[in-house]
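Structure file run31.cif; described as mmCIF, C-alpha atoms.
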```
data_work
loop_
_atom_site.label_atom_id
_atom_site.label_comp_id
_atom_site.auth_asym_id
_atom_site.auth_seq_id
_atom_site.Cartn_x
_atom_site.Cartn_y
_atom_site.Cartn_z
CA MET A 7 -6.75 44.13 33.52
CA LYS A 8 -5.59 41.20 31.39
CA PRO A 9 -4.25 38.21 33.38
CA THR A 10 -0.52 37.52 33.18
CA LEU A 11 0.76 34.88 30.78
CA PRO A 12 1.42 32.31 33.57
CA ALA A 13 -2.06 32.88 35.03
CA THR A 14 -3.68 32.48 31.60
CA LEU A 15 -1.74 29.28 30.96
CA LEU A 16 -2.52 27.80 34.38
CA HIS A 17 -6.24 28.33 33.77
CA THR A 18 -5.98 26.67 30.34
CA LEU A 19 -4.11 23.68 31.79
CA ALA A 20 -6.79 22.89 34.39
CA PRO A 21 -8.50 20.02 32.44
CA TRP A 22 -5.16 18.23 31.93
CA ARG A 23 -3.65 18.34 35.40
CA ASN A 24 -4.57 14.72 36.17
CA ALA A 25 -2.81 13.35 33.09
CA PRO A 26 -0.09 10.76 33.84
CA ALA A 27 2.52 12.76 31.89
CA TRP A 28 3.00 15.97 29.91
CA HIS A 29 5.14 16.14 26.79
CA ILE A 30 6.19 19.35 25.04
CA ALA A 31 6.86 19.49 21.31
CA PHE A 32 10.12 21.42 21.59
CA SER A 33 11.49 22.81 18.31
CA GLY A 34 13.73 25.30 20.10
CA GLY A 35 11.89 28.24 18.50
CA LEU A 36 10.30 31.14 20.34
CA ASP A 37 6.88 29.58 20.93
CA SER A 38 8.00 26.23 22.32
CA THR A 39 10.82 27.83 24.33
CA VAL A 40 8.36 30.13 26.08
CA LEU A 41 5.92 27.26 26.63
CA LEU A 42 8.63 25.05 28.13
CA HIS A 43 9.85 27.82 30.44
CA LEU A 44 6.29 28.61 31.54
CA LEU A 45 5.49 24.98 32.34
CA VAL A 46 8.71 24.45 34.30
CA SER A 47 8.07 27.69 36.25
CA LEU A 48 4.53 26.61 37.08
CA ALA A 49 5.72 23.14 38.09
CA ASN A 50 7.90 24.78 40.73
CA ILE A 51 4.86 26.23 42.49
CA GLU A 52 2.04 23.87 41.42
CA ASN A 53 1.48 20.13 41.62
CA LEU A 54 1.70 19.21 37.92
CA PRO A 55 2.31 15.95 36.02
CA PRO A 56 5.94 15.10 35.11
CA VAL A 57 7.14 17.21 32.19
CA SER A 58 9.41 16.06 29.35
CA ALA A 59 10.30 17.47 25.94
CA VAL A 60 10.58 15.93 22.48
CA HIS A 61 12.53 17.44 19.59
CA VAL A 62 11.81 16.14 16.08
CA HIS A 63 14.80 16.44 13.75
CA HIS A 64 13.68 16.54 10.10
CA GLY A 65 17.16 16.96 8.60
CA LEU A 66 15.87 19.24 5.84
CA GLN A 67 18.53 21.95 6.13
CA ALA A 68 22.13 22.19 7.26
CA ALA A 69 21.35 24.70 10.02
CA ALA A 70 19.10 22.14 11.72
CA GLU A 71 22.06 19.94 12.64
CA ALA A 72 22.86 22.28 15.54
CA TRP A 73 19.32 22.42 16.91
CA PRO A 74 19.26 19.17 18.93
CA ALA A 75 22.31 20.35 20.88
CA HIS A 76 20.66 23.72 21.56
CA CYS A 77 17.46 22.00 22.73
CA GLN A 78 19.48 19.67 24.96
CA SER A 79 21.26 22.64 26.53
CA VAL A 80 17.98 24.44 27.25
CA CYS A 81 16.38 21.30 28.73
CA ASP A 82 19.46 20.59 30.86
CA SER A 83 19.33 24.10 32.29
CA LEU A 84 15.66 23.61 33.21
CA GLY A 85 16.02 20.04 34.44
CA VAL A 86 13.68 18.62 31.80
CA PRO A 87 14.30 15.26 30.07
CA LEU A 88 14.62 15.59 26.28
CA ARG A 89 14.03 12.99 23.60
CA VAL A 90 15.41 13.70 20.10
CA MET A 91 13.61 11.84 17.29
CA ARG A 92 15.03 11.77 13.77
CA VAL A 93 12.47 11.34 10.98
CA GLN A 94 12.48 10.87 7.22
CA VAL A 95 10.34 13.39 5.34
CA ARG A 96 8.72 11.81 2.30
CA PRO A 97 9.01 13.99 -0.80
CA GLY A 98 5.71 15.26 -2.14
CA ALA A 99 3.86 18.24 -3.59
CA SER A 100 3.98 20.09 -0.25
CA LEU A 101 7.18 19.95 1.78
CA GLU A 102 5.40 21.71 4.65
CA ARG A 103 2.71 19.06 4.82
CA ALA A 104 5.18 16.19 4.47
CA ALA A 105 7.29 17.55 7.34
CA ARG A 106 4.21 18.03 9.48
CA ASP A 107 3.03 14.46 8.80
CA ALA A 108 6.44 13.05 9.74
CA ARG A 109 6.50 15.16 12.89
CA TYR A 110 3.10 13.99 14.11
CA GLN A 111 3.90 10.37 13.33
CA ALA A 112 6.87 10.76 15.67
CA PHE A 113 4.72 12.38 18.35
CA MET A 114 2.25 9.50 18.19
CA GLN A 115 5.03 7.04 19.03
CA ILE A 116 5.72 8.62 22.41
CA MET A 117 2.13 9.00 23.61
CA GLY A 118 1.03 6.73 26.42
CA ALA A 119 -2.57 6.25 27.51
CA GLY A 120 -4.05 9.51 28.79
CA GLU A 121 -0.86 11.49 28.26
CA VAL A 122 -0.82 15.03 26.84
CA LEU A 123 1.37 16.60 24.17
CA PHE A 124 1.56 20.41 24.27
CA THR A 125 2.44 22.45 21.20
CA GLY A 126 3.20 26.16 21.09
CA GLN A 127 0.87 27.58 18.42
CA HIS A 128 -0.50 31.00 19.36
CA ARG A 129 -3.23 33.41 18.23
CA ASP A 130 -1.21 34.73 15.26
CA ASP A 131 -0.76 31.15 14.04
CA GLN A 132 -4.50 30.61 14.37
CA ALA A 133 -5.28 33.70 12.26
CA GLU A 134 -2.71 32.62 9.67
CA THR A 135 -4.20 29.11 9.50
CA LEU A 136 -7.72 30.46 9.05
CA LEU A 137 -6.64 32.80 6.25
CA PHE A 138 -4.62 30.05 4.56
CA ARG A 139 -7.56 27.65 4.57
CA LEU A 140 -10.00 30.34 3.49
CA LEU A 141 -7.87 31.03 0.42
CA ARG A 142 -7.88 27.30 -0.36
CA GLY A 143 -11.68 27.17 -0.29
CA ALA A 144 -12.06 25.20 2.94
CA GLY A 145 -15.48 24.43 4.38
CA VAL A 146 -16.74 25.06 7.88
CA ARG A 147 -14.62 22.30 9.44
CA GLY A 148 -11.47 23.65 7.80
CA LEU A 149 -12.24 27.19 8.93
CA THR A 150 -12.30 26.09 12.56
CA ALA A 151 -8.52 26.30 12.03
CA MET A 152 -6.61 24.65 14.89
CA PRO A 153 -8.68 23.14 17.72
CA GLU A 154 -7.56 23.85 21.27
CA HIS A 155 -7.26 20.11 21.80
CA ARG A 156 -7.87 16.88 19.92
CA PRO A 157 -7.11 13.15 20.25
CA LEU A 158 -3.58 12.03 19.42
CA ALA A 159 -2.79 8.31 19.54
CA GLN A 160 -3.72 7.19 23.08
CA GLY A 161 -3.71 10.72 24.52
CA ARG A 162 -4.46 14.33 23.62
CA LEU A 163 -2.79 17.08 21.66
CA VAL A 164 -3.30 20.43 23.44
CA ARG A 165 -2.48 23.95 22.23
CA PRO A 166 -2.52 26.00 25.44
CA LEU A 167 -1.24 29.28 23.93
CA LEU A 168 -3.97 29.92 21.35
CA ALA A 169 -5.30 32.81 23.42
CA CYS A 170 -1.86 34.49 23.46
CA THR A 171 -0.32 36.69 20.77
CA ARG A 172 3.19 36.37 19.41
CA SER A 173 4.05 39.79 20.84
CA GLU A 174 3.10 38.54 24.33
CA LEU A 175 5.40 35.54 23.91
CA GLU A 176 8.24 37.76 22.70
CA ALA A 177 7.79 40.07 25.69
CA TYR A 178 7.92 37.09 28.08
CA ALA A 179 11.04 35.71 26.35
CA HIS A 180 12.88 39.03 26.60
CA GLN A 181 11.81 39.52 30.22
CA HIS A 182 13.30 36.15 31.17
CA GLN A 183 16.28 36.45 28.80
CA LEU A 184 15.42 33.28 26.94
CA GLN A 185 17.44 32.14 23.93
CA TRP A 186 15.71 30.52 20.98
CA ILE A 187 16.35 29.29 17.45
CA GLU A 188 15.39 31.36 14.41
CA ASP A 189 14.62 28.87 11.65
CA PRO A 190 15.98 30.31 8.35
CA SER A 191 13.17 28.63 6.41
CA ASN A 192 10.60 30.71 8.31
CA VAL A 193 11.50 33.78 6.22
CA ASP A 194 11.32 31.96 2.87
CA SER A 195 8.24 33.41 1.19
CA ARG A 196 8.12 30.58 -1.31
CA PHE A 197 6.25 28.68 1.40
CA SER A 198 2.60 29.70 1.51
CA ARG A 199 2.37 30.21 5.25
CA ASN A 200 5.49 32.33 5.29
CA TYR A 201 4.06 34.46 2.49
CA LEU A 202 0.95 35.09 4.56
CA ARG A 203 2.98 35.72 7.71
CA HIS A 204 5.47 38.19 6.24
CA ARG A 205 3.68 39.73 3.27
CA VAL A 206 -0.09 39.54 3.73
CA LEU A 207 -0.86 39.76 7.45
CA PRO A 208 1.41 42.80 8.11
CA ALA A 209 -0.44 44.72 5.38
CA VAL A 210 -3.80 43.61 6.77
CA THR A 211 -2.97 44.54 10.36
CA GLU A 212 -1.60 47.90 9.26
CA ARG A 213 -5.06 48.73 7.93
CA TRP A 214 -7.03 46.79 10.58
CA PRO A 215 -4.96 46.58 13.80
CA GLN A 216 -7.36 44.08 15.42
CA ALA A 217 -7.37 41.72 12.42
CA ILE A 218 -5.47 38.91 14.21
CA THR A 219 -7.92 38.94 17.12
CA HIS A 220 -10.93 39.09 14.81
CA LEU A 221 -9.69 36.25 12.60
CA ALA A 222 -9.10 34.08 15.65
CA ARG A 223 -12.62 34.94 16.84
CA THR A 224 -14.00 33.87 13.47
CA ALA A 225 -12.28 30.50 13.92
CA GLU A 226 -14.09 30.18 17.26
CA HIS A 227 -17.42 30.96 15.57
CA MET A 228 -16.68 28.34 12.91
CA ALA A 229 -15.86 25.80 15.62
CA GLU A 230 -19.25 26.46 17.22
CA ALA A 231 -20.99 26.11 13.87
CA GLN A 232 -19.15 22.86 13.20
CA GLY A 233 -20.27 21.58 16.59
CA LEU A 234 -23.89 22.12 15.55
CA LEU A 235 -23.27 20.38 12.22
CA ASP A 236 -21.75 17.43 14.09
CA GLU A 237 -24.85 17.20 16.31
CA LEU A 238 -27.06 17.18 13.20
CA ALA A 239 -24.85 14.52 11.59
CA LEU A 240 -25.16 12.27 14.64
CA MET A 241 -28.95 12.58 14.52
CA ASP A 242 -29.02 11.68 10.83
CA LEU A 243 -26.53 8.83 11.19
CA GLN A 244 -28.48 7.36 14.07
CA ARG A 245 -31.37 6.72 11.69
CA ALA A 246 -29.06 5.16 9.10
CA ASP A 247 -27.15 3.01 11.61
CA GLN A 248 -29.46 0.01 11.22
CA PRO A 249 -28.31 -3.58 11.80
CA SER A 250 -26.78 -5.28 8.78
CA ALA A 251 -28.02 -8.61 7.43
CA PHE A 252 -24.38 -9.69 7.68
CA PRO A 253 -23.35 -9.02 11.31
CA TRP A 254 -20.30 -11.27 10.86
CA LEU A 255 -18.82 -8.87 8.29
CA PRO A 256 -16.26 -6.60 10.08
CA LEU A 257 -16.89 -3.49 7.97
CA GLN A 258 -18.57 -0.15 8.68
CA SER A 259 -21.90 0.23 6.90
CA LEU A 260 -25.09 2.30 6.78
CA ALA A 261 -28.62 1.85 5.48
CA LEU A 262 -29.04 3.95 2.36
CA GLU A 263 -32.74 4.82 2.48
CA PRO A 264 -32.60 7.08 5.60
CA LEU A 265 -29.76 9.01 3.96
CA ARG A 266 -31.59 9.30 0.66
CA GLU A 267 -34.48 11.02 2.45
CA LEU A 268 -32.18 13.90 3.49
CA SER A 269 -31.28 16.95 1.44
CA ASP A 270 -28.01 16.73 -0.50
CA ALA A 271 -26.35 19.10 1.99
CA ARG A 272 -27.39 16.96 4.98
CA GLN A 273 -26.24 13.80 3.20
CA ARG A 274 -22.79 15.30 2.68
CA ASN A 275 -22.69 16.53 6.28
CA ALA A 276 -23.60 13.11 7.67
CA LEU A 277 -21.14 11.27 5.42
CA ARG A 278 -18.29 13.67 6.23
CA HIS A 279 -18.83 12.92 9.92
CA TRP A 280 -18.98 9.16 9.25
CA LEU A 281 -15.94 9.10 6.96
CA MET A 282 -13.71 11.42 9.00
CA PRO A 283 -12.12 8.69 11.19
CA LEU A 284 -11.85 6.38 8.17
CA THR A 285 -10.25 8.42 5.39
CA ARG A 286 -9.10 11.83 4.24
CA LEU A 287 -12.26 13.61 3.19
CA PRO A 288 -13.05 14.34 -0.46
CA ASP A 289 -13.03 17.91 -1.71
CA SER A 290 -16.08 19.54 -3.28
CA ASP A 291 -15.29 18.31 -6.80
CA HIS A 292 -15.33 14.63 -5.78
CA TRP A 293 -18.83 14.38 -4.32
CA ALA A 294 -20.19 13.40 -7.74
CA GLY A 295 -18.93 9.92 -6.86
CA TRP A 296 -21.37 9.79 -3.95
CA HIS A 297 -24.29 10.83 -6.16
CA ALA A 298 -23.44 8.13 -8.71
CA LEU A 299 -23.26 5.48 -5.98
CA ARG A 300 -26.45 6.66 -4.31
CA ASP A 301 -28.50 6.84 -7.52
CA ALA A 302 -27.31 3.61 -9.15
CA LYS A 303 -29.87 0.88 -9.86
CA ARG A 304 -30.48 -1.59 -7.04
CA ASP A 305 -28.77 -4.49 -8.84
CA ALA A 306 -25.70 -2.43 -9.69
CA GLN A 307 -22.49 -2.61 -7.66
CA PRO A 308 -21.10 0.93 -7.89
CA LEU A 309 -18.12 2.14 -5.88
CA TRP A 310 -16.72 5.51 -4.85
CA ARG A 311 -12.94 5.60 -4.55
CA LEU A 312 -11.53 7.79 -1.77
CA ALA A 313 -8.02 8.42 -0.44
CA ASP A 314 -7.81 5.50 2.01
CA GLY A 315 -10.32 3.03 0.63
CA GLN A 316 -13.61 2.92 -1.17
CA MET A 317 -17.32 3.04 -0.49
CA GLN A 318 -19.36 0.28 -2.10
CA ARG A 319 -23.06 -0.26 -2.36
CA SER A 320 -24.84 -3.57 -2.11
CA GLY A 321 -28.60 -3.35 -2.51
CA GLU A 322 -29.86 -0.65 -0.16
CA ARG A 323 -26.74 -0.52 2.00
CA ILE A 324 -23.41 1.30 1.70
CA TRP A 325 -20.18 -0.19 3.01
CA TRP A 326 -16.73 1.25 3.76
CA LEU A 327 -13.86 -0.90 2.50
CA PRO A 328 -10.46 0.32 3.74
CA THR A 329 -7.43 -0.21 1.54
CA THR A 330 -6.43 -3.13 3.77
CA TRP A 331 -9.57 -5.03 2.66
CA SER A 332 -7.91 -5.97 -0.64
CA GLU A 333 -4.60 -6.90 0.98
CA PHE A 334 -4.98 -10.66 1.15
CA SER A 335 -3.65 -13.60 -0.84
CA ASP A 336 -6.12 -15.56 -2.98
CA ALA A 337 -3.62 -18.34 -3.66
CA SER A 338 -4.71 -21.90 -2.89
CA VAL A 339 -3.80 -23.17 0.59
CA ASN A 340 -3.45 -26.78 1.71
CA TRP A 341 -5.32 -27.83 4.85
CA PRO A 342 -3.58 -31.03 5.95
CA ASP A 343 -5.43 -31.40 9.27
CA PRO A 344 -9.01 -30.06 9.15
CA GLN A 345 -9.45 -31.02 12.81
CA ASN A 346 -7.55 -27.82 13.63
CA PRO A 347 -8.39 -24.23 12.58
CA LEU A 348 -6.60 -22.82 9.52
CA GLU A 349 -5.20 -19.27 9.50
CA LEU A 350 -5.66 -17.65 6.09
CA SER A 351 -3.17 -15.02 4.96
CA GLY A 352 -4.93 -11.68 5.48
CA ASN A 353 -8.32 -13.39 5.41
CA GLY A 354 -9.11 -14.52 8.94
CA GLN A 355 -9.60 -18.04 10.21
CA LEU A 356 -11.38 -21.13 8.92
CA ARG A 357 -12.55 -24.07 11.04
CA PHE A 358 -15.09 -26.88 11.03
CA ILE A 359 -17.80 -27.04 13.69
CA GLY A 360 -18.78 -30.64 14.31
CA LYS A 361 -16.89 -33.68 13.00
CA ALA A 362 -14.51 -32.37 10.38
CA PRO A 363 -14.07 -34.32 7.13
CA GLU A 364 -10.88 -36.31 6.64
CA GLY A 365 -7.98 -34.45 5.11
CA PRO A 366 -6.02 -33.44 3.29
CA LEU A 367 -8.20 -30.65 1.92
CA GLN A 368 -7.46 -27.48 -0.02
CA VAL A 369 -8.82 -23.94 0.31
CA ARG A 370 -9.39 -22.05 -2.93
CA TYR A 371 -11.16 -18.85 -3.97
CA ARG A 372 -13.81 -18.25 -6.58
CA GLN A 373 -12.90 -18.50 -10.23
CA GLY A 374 -16.46 -18.73 -11.56
CA GLY A 375 -18.56 -21.73 -12.57
CA GLU A 376 -18.37 -23.51 -9.20
CA ILE A 377 -20.98 -26.23 -8.55
CA ILE A 378 -21.89 -27.74 -5.16
CA ASP A 379 -24.26 -30.50 -4.02
CA VAL A 380 -26.96 -29.05 -1.75
CA PRO A 381 -29.06 -31.58 0.25
CA GLY A 382 -32.59 -31.73 -1.15
CA ARG A 383 -31.74 -29.42 -4.06
CA GLY A 384 -29.13 -31.33 -6.01
CA ARG A 385 -26.19 -29.80 -7.84
CA ARG A 386 -26.45 -26.02 -7.74
CA ASP A 387 -24.49 -23.15 -9.23
CA LEU A 388 -22.62 -21.30 -6.45
CA LYS A 389 -23.15 -17.91 -8.07
CA ARG A 390 -26.94 -18.38 -8.00
CA LEU A 391 -26.83 -19.52 -4.39
CA LEU A 392 -24.86 -16.44 -3.37
CA ASN A 393 -27.31 -14.24 -5.29
CA GLU A 394 -30.15 -15.82 -3.30
CA SER A 395 -28.43 -15.01 -0.01
CA GLY A 396 -27.79 -11.39 -1.07
CA MET A 397 -24.12 -11.60 -0.07
CA PRO A 398 -22.38 -8.36 -1.13
CA GLY A 399 -20.31 -8.80 -4.26
CA PHE A 400 -17.15 -7.42 -2.66
CA VAL A 401 -17.14 -10.31 -0.13
CA ARG A 402 -17.52 -13.12 -2.65
CA GLY A 403 -13.94 -12.94 -3.90
CA ARG A 404 -12.72 -13.49 -0.31
CA LEU A 405 -15.07 -16.38 0.44
CA PRO A 406 -12.86 -19.43 1.21
CA LEU A 407 -14.04 -22.60 -0.54
CA VAL A 408 -12.95 -26.03 0.70
CA TYR A 409 -12.13 -28.74 -1.88
CA ARG A 410 -11.25 -32.41 -1.79
CA GLY A 411 -9.49 -32.93 -5.06
CA GLU A 412 -11.71 -31.21 -7.64
CA GLN A 413 -14.91 -31.54 -5.57
CA LEU A 414 -16.23 -28.40 -3.88
CA LEU A 415 -16.89 -29.88 -0.47
CA ALA A 416 -17.89 -26.96 1.76
CA VAL A 417 -18.70 -23.24 1.71
CA PRO A 418 -18.72 -21.12 4.91
CA SER A 419 -22.07 -21.07 6.70
CA VAL A 420 -22.17 -17.25 6.39
CA ALA A 421 -22.94 -17.74 2.67
CA GLY A 422 -26.63 -18.21 3.49
CA ALA A 423 -29.29 -20.56 4.85
CA TRP A 424 -28.48 -23.09 2.12
CA ALA A 425 -24.90 -23.38 3.43
CA ARG A 426 -26.18 -23.98 6.95
CA SER A 427 -28.36 -26.85 5.67
CA MET A 428 -25.39 -28.91 4.47
CA GLY A 429 -25.58 -31.33 7.41
CA GLU A 430 -24.28 -31.53 10.95
CA VAL A 431 -20.82 -30.27 10.02
CA GLN A 432 -20.55 -26.53 9.40
CA LEU A 433 -17.65 -24.58 7.91
CA ASP A 434 -17.08 -21.50 10.05
CA TRP A 435 -15.23 -18.47 8.67
CA LEU A 436 -14.11 -15.55 10.83
CA PRO A 437 -13.08 -12.81 8.36
CA GLN A 438 -10.04 -10.62 8.95
CA THR A 439 -10.73 -7.45 10.93
CA CYS A 440 -9.78 -4.39 8.90
CA ASP A 441 -8.28 -2.10 11.55
CA GLN A 442 -7.27 1.42 10.61
CA ASP A 443 -5.00 3.80 12.48
CA LEU A 444 -5.77 7.26 10.94
CA SER A 445 -5.00 10.47 12.57
#
```
Give the structure from the file, written as structure tokens.
Amino acid sequence: MKPTLPATLLHTLAPWRNAPAWHIAFSGGLDSTVLLHLLVSLANIENLPPVSAVHVHHGLQAAAEAWPAHCQSVCDSLGVPLRVMRVQVRPGASLERAARDARYQAFMQIMGAGEVLFTGQHRDDQAETLLFRLLRGAGVRGLTAMPEHRPLAQGRLVRPLLACTRSELEAYAHQHQLQWIEDPSNVDSRFSRNYLRHRVLPAVTERWPQAITHLARTAEHMAEAQGLLDELALMDLQRADQPSAFPWLPLQSLALEPLRELSDARQRNALRHWLMPLTRLPDSDHWAGWHALRDAKRDAQPLWRLADGQMQRSGERIWWLPTTWSEFSDASVNWPDPQNPLELSGNGQLRFIGKAPEGPLQVRYRQGGEIIDVPGRGRRDLKRLLNESGMPGFVRGRLPLVYRGEQLLAVPSVAGAWARSMGEVQLDWLPQTCDQDLS
């Protein structure tokens, strides 16, 4: 005999019962209404974390103006605090995706450390997602459809109803005489998911009544397969995660040779795993950029542009440069008191170690043709000195150079052994950390 809906949910909630707080993404529709009612009912008989609801108002249709009031009424009747968040949906090729992105950005704002956000997707949604991604040519990771839980900001996003069907939720709602919102846009077949929900899946389930269950099971199989691919990626990346010759450089990087020894499929698998927290992943047609970067001559400086940055190669190492790496000002900056550190706009901090030279000084960036006096070597071309040190080309444009008048006085010690031989006084540069906050 199949467990009741409350019993199934209580079992699913077990890993999250020690969370400091539970939030419910409450649209006012059937799924989230049932989920909210279930959680409040369980909280009356179980020791659960404090429950609150959040309603995201997109403002995309006139009917939606009444939804916050409905959600407030439901929450008041259940004794649940409600937070209504109004968002702006950026126009784009996919309105569905833009609304989803805005919604999850709002959810991230409310998440405290260790807190949980519950959403109401069910088994029918899982089958629909799998079919939708299959038709778009998704790979194994995409065909895992919706995970039962994943990180979200400082906490977790959890979908506790994935084992339940829509018909089970409807039966529960009718049994408890729940009232919910019917979103008019949910019947508009111009949207791809609605087309699948109302036109495709009914025809499929008429011929194969267990199709929803079987599609959801396939998503579970894909999740298991992806888990194995992730384990393989970690093994391959461990070999490529060798120390850089530039430990001061705050960028993600890998040694190229261990990757080159792998098959093309294993290279792509390892790089997908590595890039996933850094950028939106490339589709199948864009992997030619990786091959060009990998196979370029050693003295070349190829790059592979991706959605949220670029991968560059320097010698036998590949580096990830987020978009924020180029967001700094290369304008000259006066340094009136070199005894104190100088904050550079978007480019970290500069300071002298030892007795600093008398000011005022000026910080400039490379224009080409710079010459500097190196003890024991005479006047040397800066470009040749940087070539000797092997400093990656993408760093050289950010290297702060200190001048007195028109004389190049000092170059940061990270530029190589020659820069550290300039005497007792060293110019220390702490580059800007390129933090990324990708979901």
Identify which of the residues A:Cys81, A:Val146, A:Ala416, A:Val62 lies closest to Ile116 of chain A, counting only C-alpha atoms when measuring atom-to-atom distances.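 Selected residue with least distance to Ile116 of chain A: A:Val62.
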Go through the shown structure with the PyMOL selection byres ((chain A and resi 353) around 10) and write out the matching residues as a ChimeraX atom specification. /A:331-336,349-352,354-356,404-406,435-440
Explicit residue set for the PyMOL selection byres ((chain A and resi 289) around 12), as a ChimeraX atom specification: /A:142-145,148,274,278,286-288,290-296,312-313
Chain and number of each residue from the PyMOL selection byres ((chain A and resi 64-72) around 7), as a ChimeraX atom specification: /A:62-63,73-76,92-95
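The space between atom CA of Leu262 of chain A and atom CA of Ala425 of chain A spans 27.7 Å.
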Provide the atom CA of Gly118 of chain A to atom CA of Gln160 of chain A distance in Å, to one decimal place.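 According to the coordinates, atom CA of Gly118 of chain A and atom CA of Gln160 of chain A are separated by 5.8 Å.
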Got a sec: who's within 12 Å of segment 28-31 of chain A, counting all atoms listed in the file, leaving out chain neighbours fewer than 5 positions off, as a VMD selection string? chain A and resid 19 22 to 23 37 to 46 49 54 to 63 77 81 86 to 91 109 to 110 112 to 127 161 to 166
Separation of atom CA of Gln232 of chain A from atom CA of Ser198 of chain A in Å: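 Atom CA of Gln232 of chain A lies 25.6 Å from atom CA of Ser198 of chain A.
Ranking A:Gly422, A:Pro153, A:Pro97, A:Gly403 by their shortest atom-to-atom distance to Ala229 of chain A, with only C-alpha atoms included, puts A:Pro153 first.
For the choices A:Arg372, A:Arg156, A:Arg357, A:Arg129, the atom-to-atom distance to Asp343 of chain A is smallest for A:Arg357 when using all atoms listed in the file.
For the residues A:Glu412, A:Glu212, A:Glu226, A:Asp107, ranking by smallest atom-to-atom distance to Gln132 of chain A using only C-alpha atoms places A:Glu226 first.
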Extract, using only C-alpha atoms, all DNA, RNA and protein residues at most 8 Å from Cys170 of chain A, discarding same-chain residues fewer than 3 positions from it, and format them as an mmCIF file with C-alpha atoms, keeping the file's coordinate frame.
```cif
data_model
loop_
_atom_site.group_PDB
_atom_site.id
_atom_site.type_symbol
_atom_site.label_atom_id
_atom_site.label_comp_id
_atom_site.auth_asym_id
_atom_site.auth_seq_id
_atom_site.Cartn_x
_atom_site.Cartn_y
_atom_site.Cartn_z
ATOM 1 C CA LEU A 11 0.760 34.880 30.780
ATOM 2 C CA HIS A 128 -0.500 31.000 19.360
ATOM 3 C CA ARG A 129 -3.230 33.410 18.230
ATOM 4 C CA LEU A 167 -1.240 29.280 23.930
ATOM 5 C CA GLU A 174 3.100 38.540 24.330
ATOM 6 C CA LEU A 175 5.400 35.540 23.910
#
```
Which polymer residues, whether protein, DNA or RNA, lie within 12 Å of the coordinate (-8.1, 44.0, 13.3) when you count all atoms listed in the file? List them as a list of chain:residue names, using the chain letters and numbers from the file.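 Those residues, ordered by chain and then number, are A:Asp130, A:Ala133, A:Leu207, A:Pro208, A:Ala209, A:Val210, A:Thr211, A:Glu212, A:Arg213, A:Trp214, A:Pro215, A:Gln216, A:Ala217, A:Ile218, A:Thr219, A:His220, A:Leu221, A:Ala222, A:Arg223, A:Thr224.
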Ser338 of chain A: which residues within 7 Å, counting all atoms listed in the file, same-chain residues fewer than 6 positions away excluded, as a PDB file with C-alpha atoms, in the frame of the given file?
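And here is the file that came out, result00.pdb:
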```pdb
ATOM      1  CA  GLN A 368      -7.460 -27.480  -0.020  1.00  0.00           C
ATOM      2  CA  VAL A 369      -8.820 -23.940   0.310  1.00  0.00           C
ATOM      3  CA  ARG A 370      -9.390 -22.050  -2.930  1.00  0.00           C
TER       4      ARG A 370
END
```
Which is closest to Arg196 of chain A among A:Glu394, A:Glu102, A:Glu52, A:Asp301, if we use only C-alpha atoms?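 Among the listed residues, A:Glu102 lies closest to Arg196 of chain A.
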Output segment 245-254 of chain A as a PDB file, keeping the file's coordinate frame, making sure N, CA and C atoms are there.
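part-v3.pdb, freshly written:
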```pdb
ATOM      1  N   ARG A 245     -30.288   7.335  12.453  1.00  0.00           N
ATOM      2  CA  ARG A 245     -31.370   6.720  11.690  1.00  0.00           C
ATOM      3  C   ARG A 245     -30.831   5.732  10.656  1.00  0.00           C
ATOM      4  N   ALA A 246     -29.625   6.023  10.134  1.00  0.00           N
ATOM      5  CA  ALA A 246     -29.060   5.160   9.100  1.00  0.00           C
ATOM      6  C   ALA A 246     -28.255   4.001   9.680  1.00  0.00           C
ATOM      7  N   ASP A 247     -27.967   4.048  10.974  1.00  0.00           N
ATOM      8  CA  ASP A 247     -27.150   3.010  11.610  1.00  0.00           C
ATOM      9  C   ASP A 247     -28.032   1.834  12.003  1.00  0.00           C
ATOM     10  N   GLN A 248     -28.582   1.161  10.999  1.00  0.00           N
ATOM     11  CA  GLN A 248     -29.460   0.010  11.220  1.00  0.00           C
ATOM     12  C   GLN A 248     -28.656  -1.275  11.101  1.00  0.00           C
ATOM     13  N   PRO A 249     -29.076  -2.325  11.830  1.00  0.00           N
ATOM     14  CA  PRO A 249     -28.310  -3.580  11.800  1.00  0.00           C
ATOM     15  C   PRO A 249     -28.183  -4.124  10.378  1.00  0.00           C
ATOM     16  N   SER A 250     -27.035  -4.667  10.074  1.00  0.00           N
ATOM     17  CA  SER A 250     -26.780  -5.280   8.780  1.00  0.00           C
ATOM     18  C   SER A 250     -27.292  -6.711   8.764  1.00  0.00           C
ATOM     19  N   ALA A 251     -27.639  -7.207   7.582  1.00  0.00           N
ATOM     20  CA  ALA A 251     -28.020  -8.610   7.430  1.00  0.00           C
ATOM     21  C   ALA A 251     -26.805  -9.527   7.520  1.00  0.00           C
ATOM     22  N   PHE A 252     -25.625  -8.921   7.619  1.00  0.00           N
ATOM     23  CA  PHE A 252     -24.380  -9.690   7.680  1.00  0.00           C
ATOM     24  C   PHE A 252     -23.560  -9.233   8.881  1.00  0.00           C
ATOM     25  N   PRO A 253     -24.032  -9.512  10.105  1.00  0.00           N
ATOM     26  CA  PRO A 253     -23.350  -9.020  11.310  1.00  0.00           C
ATOM     27  C   PRO A 253     -21.943  -9.583  11.469  1.00  0.00           C
ATOM     28  N   TRP A 254     -21.636 -10.663  10.789  1.00  0.00           N
ATOM     29  CA  TRP A 254     -20.300 -11.270  10.860  1.00  0.00           C
ATOM     30  C   TRP A 254     -19.271 -10.497  10.046  1.00  0.00           C
TER      31      TRP A 254
END
```
